[in-house]
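Pasted below: structure.pdb, PDB, C-alpha atoms.
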```
ATOM      1  CA  MET W   1     100.986 115.906  73.247
ATOM      2  CA  VAL W   2     104.679 115.297  72.615
ATOM      3  CA  PHE W   3     106.924 114.745  75.646
ATOM      4  CA  ASP W   4     110.610 115.672  75.546
ATOM      5  CA  ILE W   5     112.470 112.726  77.107
ATOM      6  CA  PHE W   6     115.292 113.764  79.436
ATOM      7  CA  ILE W   7     116.157 110.341  80.930
ATOM      8  CA  LYS W   8     115.133 107.051  79.314
ATOM      9  CA  GLY W   9     113.963 104.175  81.451
ATOM     10  CA  ASP W  10     112.520 100.721  80.884
ATOM     11  CA  VAL W  11     108.873 101.274  81.816
ATOM     12  CA  VAL W  12     108.916 105.010  82.543
ATOM     13  CA  ASP W  13     110.848 107.904  81.057
ATOM     14  CA  LEU W  14     111.609 111.139  82.870
ATOM     15  CA  VAL W  15     110.477 114.076  80.756
ATOM     16  CA  VAL W  16     110.961 117.847  80.679
ATOM     17  CA  LEU W  17     108.025 119.689  82.244
ATOM     18  CA  THR W  18     106.415 122.554  80.325
ATOM     19  CA  GLY W  19     103.525 124.960  80.632
ATOM     20  CA  GLU W  20     101.667 122.831  78.078
ATOM     21  CA  ILE W  21     101.972 119.817  80.390
ATOM     22  CA  VAL W  22     100.450 121.886  83.206
ATOM     23  CA  GLU W  23      97.583 122.846  80.898
ATOM     24  CA  LYS W  24      96.897 119.412  79.383
ATOM     25  CA  THR W  25      97.456 116.894  82.203
ATOM     26  CA  ASN W  26      96.008 116.104  85.624
ATOM     27  CA  TRP W  27      99.151 117.317  87.409
ATOM     28  CA  TYR W  28      97.363 119.976  89.455
ATOM     29  CA  LYS W  29      94.550 117.568  90.450
ATOM     30  CA  TRP W  30      96.945 115.136  92.137
ATOM     31  CA  PHE W  31      97.375 117.574  95.032
ATOM     32  CA  ASN W  32      93.610 117.850  95.554
ATOM     33  CA  ASP W  33      93.330 114.081  96.113
ATOM     34  CA  GLU W  34      93.351 113.489  99.873
ATOM     35  CA  GLU W  35      94.334 109.822  99.564
ATOM     36  CA  ASN W  36      97.140 110.607  97.115
ATOM     37  CA  THR W  37      98.675 113.200  99.449
ATOM     38  CA  ARG W  38      98.149 111.461 102.800
ATOM     39  CA  HIS W  39     101.918 110.980 103.313
ATOM     40  CA  MET W  40     102.890 114.408 101.970
ATOM     41  CA  GLN W  41     102.891 117.956 103.239
ATOM     42  CA  LYS W  42     100.202 118.790 100.692
ATOM     43  CA  HIS W  43      96.404 119.058 100.620
ATOM     44  CA  TYR W  44      96.269 121.938 103.081
ATOM     45  CA  TYR W  45      94.845 124.306 100.428
ATOM     46  CA  PRO W  46      93.151 123.537  97.100
ATOM     47  CA  ASN W  47      95.233 123.508  93.932
ATOM     48  CA  SER W  48      94.158 124.726  90.497
ATOM     49  CA  LYS W  49      95.575 124.735  87.005
ATOM     50  CA  GLU W  50      96.408 128.423  87.440
ATOM     51  CA  LEU W  51      98.260 127.806  90.721
ATOM     52  CA  GLN W  52     100.150 124.873  89.197
ATOM     53  CA  LEU W  53     101.191 127.049  86.246
ATOM     54  CA  LYS W  54     102.350 129.771  88.671
ATOM     55  CA  TYR W  55     104.349 127.147  90.617
ATOM     56  CA  PHE W  56     105.877 125.901  87.374
ATOM     57  CA  LYS W  57     106.927 129.403  86.290
ATOM     58  CA  GLU W  58     108.195 130.567  89.698
ATOM     59  CA  GLU W  59     109.678 127.392  91.189
ATOM     60  CA  ILE W  60     110.745 125.133  88.309
ATOM     61  CA  GLU W  61     111.644 127.174  85.228
ATOM     62  CA  GLY W  62     115.226 128.390  85.458
ATOM     63  CA  ASN W  63     115.706 127.215  89.047
ATOM     64  CA  ASP W  64     119.262 125.865  89.396
ATOM     65  CA  LYS W  65     118.505 124.557  92.917
ATOM     66  CA  LYS W  66     115.764 122.251  91.632
ATOM     67  CA  LEU W  67     115.448 119.672  88.875
ATOM     68  CA  GLN W  68     111.850 118.567  88.429
ATOM     69  CA  LEU W  69     110.822 116.075  85.772
ATOM     70  CA  GLY W  70     107.635 114.349  84.735
ATOM     71  CA  ILE W  71     107.253 110.589  85.100
ATOM     72  CA  TYR W  72     105.951 109.401  81.746
ATOM     73  CA  HIS W  73     104.437 105.926  81.394
ATOM     74  CA  LYS W  74     105.758 104.623  78.081
ATOM     75  CA  LYS W  75     103.045 102.061  77.349
ATOM     76  CA  ASP W  76     100.054 104.229  78.255
ATOM     77  CA  LYS W  77     101.702 107.407  76.894
ATOM     78  CA  ILE W  78     100.625 109.590  79.820
ATOM     79  CA  LEU W  79     102.200 111.635  82.572
ATOM     80  CA  ILE W  80     101.703 109.650  85.790
ATOM     81  CA  GLY W  81     103.728 111.713  88.243
ATOM     82  CA  THR W  82     106.630 114.033  88.910
ATOM     83  CA  ILE W  83     109.983 113.585  90.588
ATOM     84  CA  SER W  84     112.433 116.218  91.707
ATOM     85  CA  LEU W  85     115.832 116.905  93.131
ATOM     86  CA  ASN W  86     115.325 119.818  95.527
ATOM     87  CA  ASN W  87     117.694 122.051  97.457
ATOM     88  CA  ILE W  88     120.571 121.123  95.155
ATOM     89  CA  ASP W  89     123.730 122.164  96.997
ATOM     90  CA  HIS W  90     126.790 121.926  94.737
ATOM     91  CA  LEU W  91     129.189 123.029  97.477
ATOM     92  CA  ASN W  92     128.212 120.198  99.845
ATOM     93  CA  ARG W  93     127.157 117.944  96.936
ATOM     94  CA  CYS W  94     123.758 116.962  98.308
ATOM     95  CA  CYS W  95     120.086 117.277  97.405
ATOM     96  CA  GLU W  96     116.654 115.990  98.388
ATOM     97  CA  VAL W  97     114.585 113.651  96.211
ATOM     98  CA  GLY W  98     110.798 113.851  96.227
ATOM     99  CA  LEU W  99     108.081 112.417  94.034
ATOM    100  CA  ILE W 100     104.406 111.837  93.522
ATOM    101  CA  ILE W 101     102.697 109.187  91.427
ATOM    102  CA  GLY W 102      99.453 111.028  90.843
ATOM    103  CA  GLU W 103      97.453 108.818  88.516
ATOM    104  CA  VAL W 104      95.546 106.260  90.605
ATOM    105  CA  GLU W 105      95.982 103.365  88.168
ATOM    106  CA  ALA W 106      99.743 104.010  88.034
ATOM    107  CA  ARG W 107     100.433 103.796  91.765
ATOM    108  CA  LYS W 108     102.647 100.788  91.379
ATOM    109  CA  LEU W 109     105.865 100.101  93.212
ATOM    110  CA  GLN W 110     107.697  99.356  89.948
ATOM    111  CA  TYR W 111     107.170 102.907  88.621
ATOM    112  CA  PHE W 112     108.149 104.485  91.948
ATOM    113  CA  ILE W 113     111.368 102.457  92.171
ATOM    114  CA  GLU W 114     112.410 103.029  88.558
ATOM    115  CA  ALA W 115     111.820 106.799  88.772
ATOM    116  CA  VAL W 116     113.869 107.104  91.990
ATOM    117  CA  LYS W 117     116.708 104.985  90.580
ATOM    118  CA  LEU W 118     116.882 107.010  87.353
ATOM    119  CA  THR W 119     116.864 110.286  89.265
ATOM    120  CA  CYS W 120     119.509 109.212  91.788
ATOM    121  CA  LYS W 121     121.750 107.885  89.011
ATOM    122  CA  HIS W 122     121.485 111.276  87.292
ATOM    123  CA  ALA W 123     122.265 113.058  90.575
ATOM    124  CA  PHE W 124     125.378 110.956  91.202
ATOM    125  CA  ASP W 125     126.717 110.529  87.664
ATOM    126  CA  THR W 126     125.795 113.832  86.008
ATOM    127  CA  LEU W 127     125.386 116.429  88.755
ATOM    128  CA  ASN W 128     128.261 114.988  90.857
ATOM    129  CA  ILE W 129     126.053 114.784  93.951
ATOM    130  CA  ASN W 130     127.444 112.707  96.828
ATOM    131  CA  ARG W 131     124.366 112.451  99.094
ATOM    132  CA  VAL W 132     120.696 112.195  98.164
ATOM    133  CA  TYR W 133     118.270 112.408 101.069
ATOM    134  CA  SER W 134     114.528 112.277 101.605
ATOM    135  CA  GLY W 135     111.921 112.127 104.308
ATOM    136  CA  THR W 136     108.372 110.930 104.860
ATOM    137  CA  ILE W 137     105.708 110.709 107.536
ATOM    138  CA  SER W 138     105.145 107.079 106.550
ATOM    139  CA  LYS W 139     107.297 104.471 108.297
ATOM    140  CA  GLU W 140     106.442 102.048 105.453
ATOM    141  CA  ILE W 141     107.795 104.421 102.798
ATOM    142  CA  ASP W 142     110.923 104.993 104.899
ATOM    143  CA  GLU W 143     111.447 101.229 105.099
ATOM    144  CA  LEU W 144     110.905 100.914 101.327
ATOM    145  CA  PHE W 145     113.603 103.515 100.604
ATOM    146  CA  CYS W 146     115.990 101.687 102.926
ATOM    147  CA  ARG W 147     115.189  98.069 101.995
ATOM    148  CA  VAL W 148     114.684  98.380  98.233
ATOM    149  CA  LEU W 149     116.685 101.458  97.230
ATOM    150  CA  ASN W 150     119.590 101.013  99.687
ATOM    151  CA  PHE W 151     119.059 104.328 101.480
ATOM    152  CA  GLU W 152     120.082 104.341 105.145
ATOM    153  CA  HIS W 153     117.771 105.441 107.913
ATOM    154  CA  GLU W 154     119.254 108.594 109.475
ATOM    155  CA  GLY W 155     116.776 109.588 112.122
ATOM    156  CA  ILE W 156     113.383 110.823 113.145
ATOM    157  CA  PHE W 157     112.158 114.392 113.482
ATOM    158  CA  ARG W 158     109.575 113.921 116.230
ATOM    159  CA  GLN W 159     106.101 115.397 115.713
ATOM    160  CA  ALA W 160     107.434 117.620 112.928
ATOM    161  CA  VAL W 161     104.371 117.646 110.663
ATOM    162  CA  PHE W 162     100.724 118.361 111.375
ATOM    163  CA  LYS W 163      98.616 116.256 109.014
ATOM    164  CA  ASN W 164      95.101 114.798 109.189
ATOM    165  CA  GLY W 165      94.380 116.167 112.644
ATOM    166  CA  SER W 166      97.533 115.062 114.459
ATOM    167  CA  TYR W 167     101.288 115.512 114.589
ATOM    168  CA  HIS W 168     103.501 113.013 112.771
ATOM    169  CA  ASP W 169     107.163 112.105 112.906
ATOM    170  CA  ILE W 170     109.303 112.568 109.801
ATOM    171  CA  TYR W 171     111.488 109.557 109.014
ATOM    172  CA  ARG W 172     114.718 110.685 107.312
ATOM    173  CA  HIS W 173     116.931 108.543 105.082
ATOM    174  CA  ALA W 174     119.801 109.116 102.642
ATOM    175  CA  LEU W 175     121.896 107.380 100.025
ATOM    176  CA  LEU W 176     125.586 108.108  99.553
ATOM    177  CA  LYS W 177     127.178 107.794  96.134
ATOM    178  CA  GLU W 178     129.604 105.182  97.462
ATOM    179  CA  ASN W 179     126.742 103.018  98.765
ATOM    180  CA  ARG W 180     124.534 102.964  95.714
ATOM    181  CA  LYS W 181     123.701  99.609  94.227
ATOM    182  CA  ASN W 182     121.784  98.714  91.060
ATOM    183  CA  LEU W 183     121.467 102.258  89.744
TER     184      LEU W 183
END
```
Using structure tokens, write down the structure that the file contains.
Amino acid sequence: MVFDIFIKGDVVDLVVLTGEIVEKTNWYKWFNDEENTRHMQKHYYPNSKELQLKYFKEEIEGNDKKLQLGIYHKKDKILIGTISLNNIDHLNRCCEVGLIIGEVEARKLQYFIEAVKLTCKHAFDTLNINRVYSGTISKEIDELFCRVLNFEHEGIFRQAVFKNGSYHDIYRHALLKENRKNL
């Protein structure tokens, strides 16, 4: 399968997602993996190739409020995850970043960090976004965004998500264009 590179990176490239990618990769299976989705608001219902294709057609294709790209591992030549800018608001110049590294052997911090940096750089430099924000139910992931990617902790939404039998806080963080470093 040929991947159309949208943003070049060192170890990973960010590629344009297509219906063929839905059909020929494990993308849909990532959301059926309980361990893979333990920090996400996913894994409430099973996912299938058909549902993933429907999501692609209805939520990604032609959606000017969302930019979703595949994370392509250059050496192994496979799709290892997806990353997106969601709720793109051009008036207030902000959006939310979210990602999943779905392939078990690719769950490495290096790929996560590079994909977020490439996406944030695109948001700031190309889309003229001023504020990129995110949230997680994992305090460790929140700390990673803040310590490694220079996001600032903004607050906690208490008991906002029901996951794995209990309610969890959402830790919110954001990066302003003026505070970005090393992008």
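Distances to Tyr167 in chain W were evaluated for W:Ser134, W:Asn92, W:Gln41, W:Asn150 using only C-alpha atoms, and the minimum falls at W:Gln41.
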Exercise. List every protein, DNA or RNA residue that has an atom no more than 12 Å from (104.6, 108.6, 84.7) in the file's coordinate frame, counting all atoms listed in the file, and report them as a PyMOL selection string.
Key: chain W and resi 3+5+8-17+25-27+69-83+99-108+110-116
Hey, what comes out of the PyMOL selection byres ((chain W and resi 44) around 12) on this file? Could you write it as a PDB file with C-alpha atoms, in the frame of the given file?
```pdb
ATOM      1  CA  PHE W  31      97.375 117.574  95.032  1.00  0.00           C
ATOM      2  CA  ASN W  32      93.610 117.850  95.554  1.00  0.00           C
ATOM      3  CA  ASP W  33      93.330 114.081  96.113  1.00  0.00           C
ATOM      4  CA  GLU W  34      93.351 113.489  99.873  1.00  0.00           C
ATOM      5  CA  THR W  37      98.675 113.200  99.449  1.00  0.00           C
ATOM      6  CA  ARG W  38      98.149 111.461 102.800  1.00  0.00           C
ATOM      7  CA  MET W  40     102.890 114.408 101.970  1.00  0.00           C
ATOM      8  CA  GLN W  41     102.891 117.956 103.239  1.00  0.00           C
ATOM      9  CA  LYS W  42     100.202 118.790 100.692  1.00  0.00           C
ATOM     10  CA  HIS W  43      96.404 119.058 100.620  1.00  0.00           C
ATOM     11  CA  TYR W  45      94.845 124.306 100.428  1.00  0.00           C
ATOM     12  CA  PRO W  46      93.151 123.537  97.100  1.00  0.00           C
ATOM     13  CA  ASN W  47      95.233 123.508  93.932  1.00  0.00           C
ATOM     14  CA  VAL W 161     104.371 117.646 110.663  1.00  0.00           C
ATOM     15  CA  PHE W 162     100.724 118.361 111.375  1.00  0.00           C
ATOM     16  CA  LYS W 163      98.616 116.256 109.014  1.00  0.00           C
ATOM     17  CA  ASN W 164      95.101 114.798 109.189  1.00  0.00           C
ATOM     18  CA  GLY W 165      94.380 116.167 112.644  1.00  0.00           C
TER      19      GLY W 165
END
```
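If you look at CA of Lys65 in chain W and CA of Ile129 in chain W, they are 12.4 Å away from each other.
All residues of protein, DNA or RNA that reach within 12 Å of Lys54 in chain W, judged by all atoms listed in the file and not counting those fewer than 3 positions away in the chain, are Thr18, Gly19, Val22, Glu23, Tyr28, Asn47, Ser48, Lys49, Glu50, Leu51, Lys57, Glu58, Glu59, Ile60 and Glu61 of chain W.
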Self-check item: Of the listed residues W:Asp4, W:Asp169, W:Asp125, W:Glu152, that which approaches Ser138 in chain W most closely, counting all atoms listed in the file
Solution: W:Asp169
Practice problem: Taking the file above as input, evaluate the PyMOL selection byres ((chain W and resi 85) around 10) and report the hits as number ranges by chain. | Solution: W: 65-69, 83-84, 86-88, 94-99, 119-120, 122-123, 132-134
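The interatomic distance for the pair CA of Lys24 in chain W and CA of Phe56 in chain W works out to 13.7 Å.
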List, as a PDB file with C-alpha atoms, in the coordinates of the input, every residue that the PyMOL selection byres ((chain W and resi 156) around 10) selects in the file provided.
```
ATOM      1  CA  GLY W 135     111.921 112.127 104.308  1.00  0.00           C
ATOM      2  CA  THR W 136     108.372 110.930 104.860  1.00  0.00           C
ATOM      3  CA  ILE W 137     105.708 110.709 107.536  1.00  0.00           C
ATOM      4  CA  HIS W 153     117.771 105.441 107.913  1.00  0.00           C
ATOM      5  CA  GLU W 154     119.254 108.594 109.475  1.00  0.00           C
ATOM      6  CA  GLY W 155     116.776 109.588 112.122  1.00  0.00           C
ATOM      7  CA  PHE W 157     112.158 114.392 113.482  1.00  0.00           C
ATOM      8  CA  ARG W 158     109.575 113.921 116.230  1.00  0.00           C
ATOM      9  CA  GLN W 159     106.101 115.397 115.713  1.00  0.00           C
ATOM     10  CA  ALA W 160     107.434 117.620 112.928  1.00  0.00           C
ATOM     11  CA  ASP W 169     107.163 112.105 112.906  1.00  0.00           C
ATOM     12  CA  ILE W 170     109.303 112.568 109.801  1.00  0.00           C
ATOM     13  CA  TYR W 171     111.488 109.557 109.014  1.00  0.00           C
ATOM     14  CA  ARG W 172     114.718 110.685 107.312  1.00  0.00           C
ATOM     15  CA  HIS W 173     116.931 108.543 105.082  1.00  0.00           C
TER      16      HIS W 173
END
```
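The space between CA of Leu127 in chain W and CA of Glu20 in chain W spans 26.8 Å.
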Generate the coordinates of N, CA and C atoms for range 152-172 of chain W; report them as a tab-separated table (two decimals), in the coordinates of the input.
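For reference, rebuild-v2.tsv as written:
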```tsv
chain	number	residue	atom	x	y	z
W	152	GLU	N	119.89	104.68	103.74
W	152	GLU	CA	120.08	104.34	105.14
W	152	GLU	C	119.24	105.26	106.00
W	153	HIS	N	118.59	104.67	106.98
W	153	HIS	CA	117.77	105.44	107.91
W	153	HIS	C	118.69	106.35	108.72
W	154	GLU	N	118.38	107.64	108.78
W	154	GLU	CA	119.25	108.59	109.48
W	154	GLU	C	118.65	109.15	110.76
W	155	GLY	N	117.35	109.06	110.90
W	155	GLY	CA	116.78	109.59	112.12
W	155	GLY	C	115.32	109.95	111.98
W	156	ILE	N	114.79	110.47	113.07
W	156	ILE	CA	113.38	110.82	113.14
W	156	ILE	C	113.27	112.25	113.67
W	157	PHE	N	112.52	113.07	112.97
W	157	PHE	CA	112.16	114.39	113.48
W	157	PHE	C	110.80	114.21	114.16
W	158	ARG	N	110.78	114.23	115.47
W	158	ARG	CA	109.58	113.92	116.23
W	158	ARG	C	108.51	115.00	116.09
W	159	GLN	N	107.29	114.55	115.82
W	159	GLN	CA	106.10	115.40	115.71
W	159	GLN	C	106.37	116.66	114.89
W	160	ALA	N	107.01	116.49	113.75
W	160	ALA	CA	107.43	117.62	112.93
W	160	ALA	C	106.38	118.11	111.94
W	161	VAL	N	105.37	117.29	111.67
W	161	VAL	CA	104.37	117.65	110.66
W	161	VAL	C	102.97	117.46	111.22
W	162	PHE	N	102.13	118.47	111.02
W	162	PHE	CA	100.72	118.36	111.38
W	162	PHE	C	99.97	117.95	110.13
W	163	LYS	N	99.32	116.80	110.18
W	163	LYS	CA	98.62	116.26	109.01
W	163	LYS	C	97.44	115.42	109.50
W	164	ASN	N	96.29	115.59	108.89
W	164	ASN	CA	95.10	114.80	109.19
W	164	ASN	C	94.74	114.82	110.67
W	165	GLY	N	94.84	115.99	111.28
W	165	GLY	CA	94.38	116.17	112.64
W	165	GLY	C	95.35	115.81	113.75
W	166	SER	N	96.57	115.40	113.41
W	166	SER	CA	97.53	115.06	114.46
W	166	SER	C	98.95	115.33	113.96
W	167	TYR	N	99.88	115.30	114.92
W	167	TYR	CA	101.29	115.51	114.59
W	167	TYR	C	101.94	114.18	114.25
W	168	HIS	N	102.83	114.22	113.25
W	168	HIS	CA	103.50	113.01	112.77
W	168	HIS	C	105.01	113.21	112.79
W	169	ASP	N	105.71	112.11	113.01
W	169	ASP	CA	107.16	112.10	112.91
W	169	ASP	C	107.55	112.11	111.43
W	170	ILE	N	108.71	112.68	111.14
W	170	ILE	CA	109.30	112.57	109.80
W	170	ILE	C	110.45	111.59	109.91
W	171	TYR	N	110.42	110.56	109.08
W	171	TYR	CA	111.49	109.56	109.01
W	171	TYR	C	112.45	109.98	107.91
W	172	ARG	N	113.71	110.20	108.26
W	172	ARG	CA	114.72	110.68	107.31
W	172	ARG	C	115.65	109.55	106.90
```
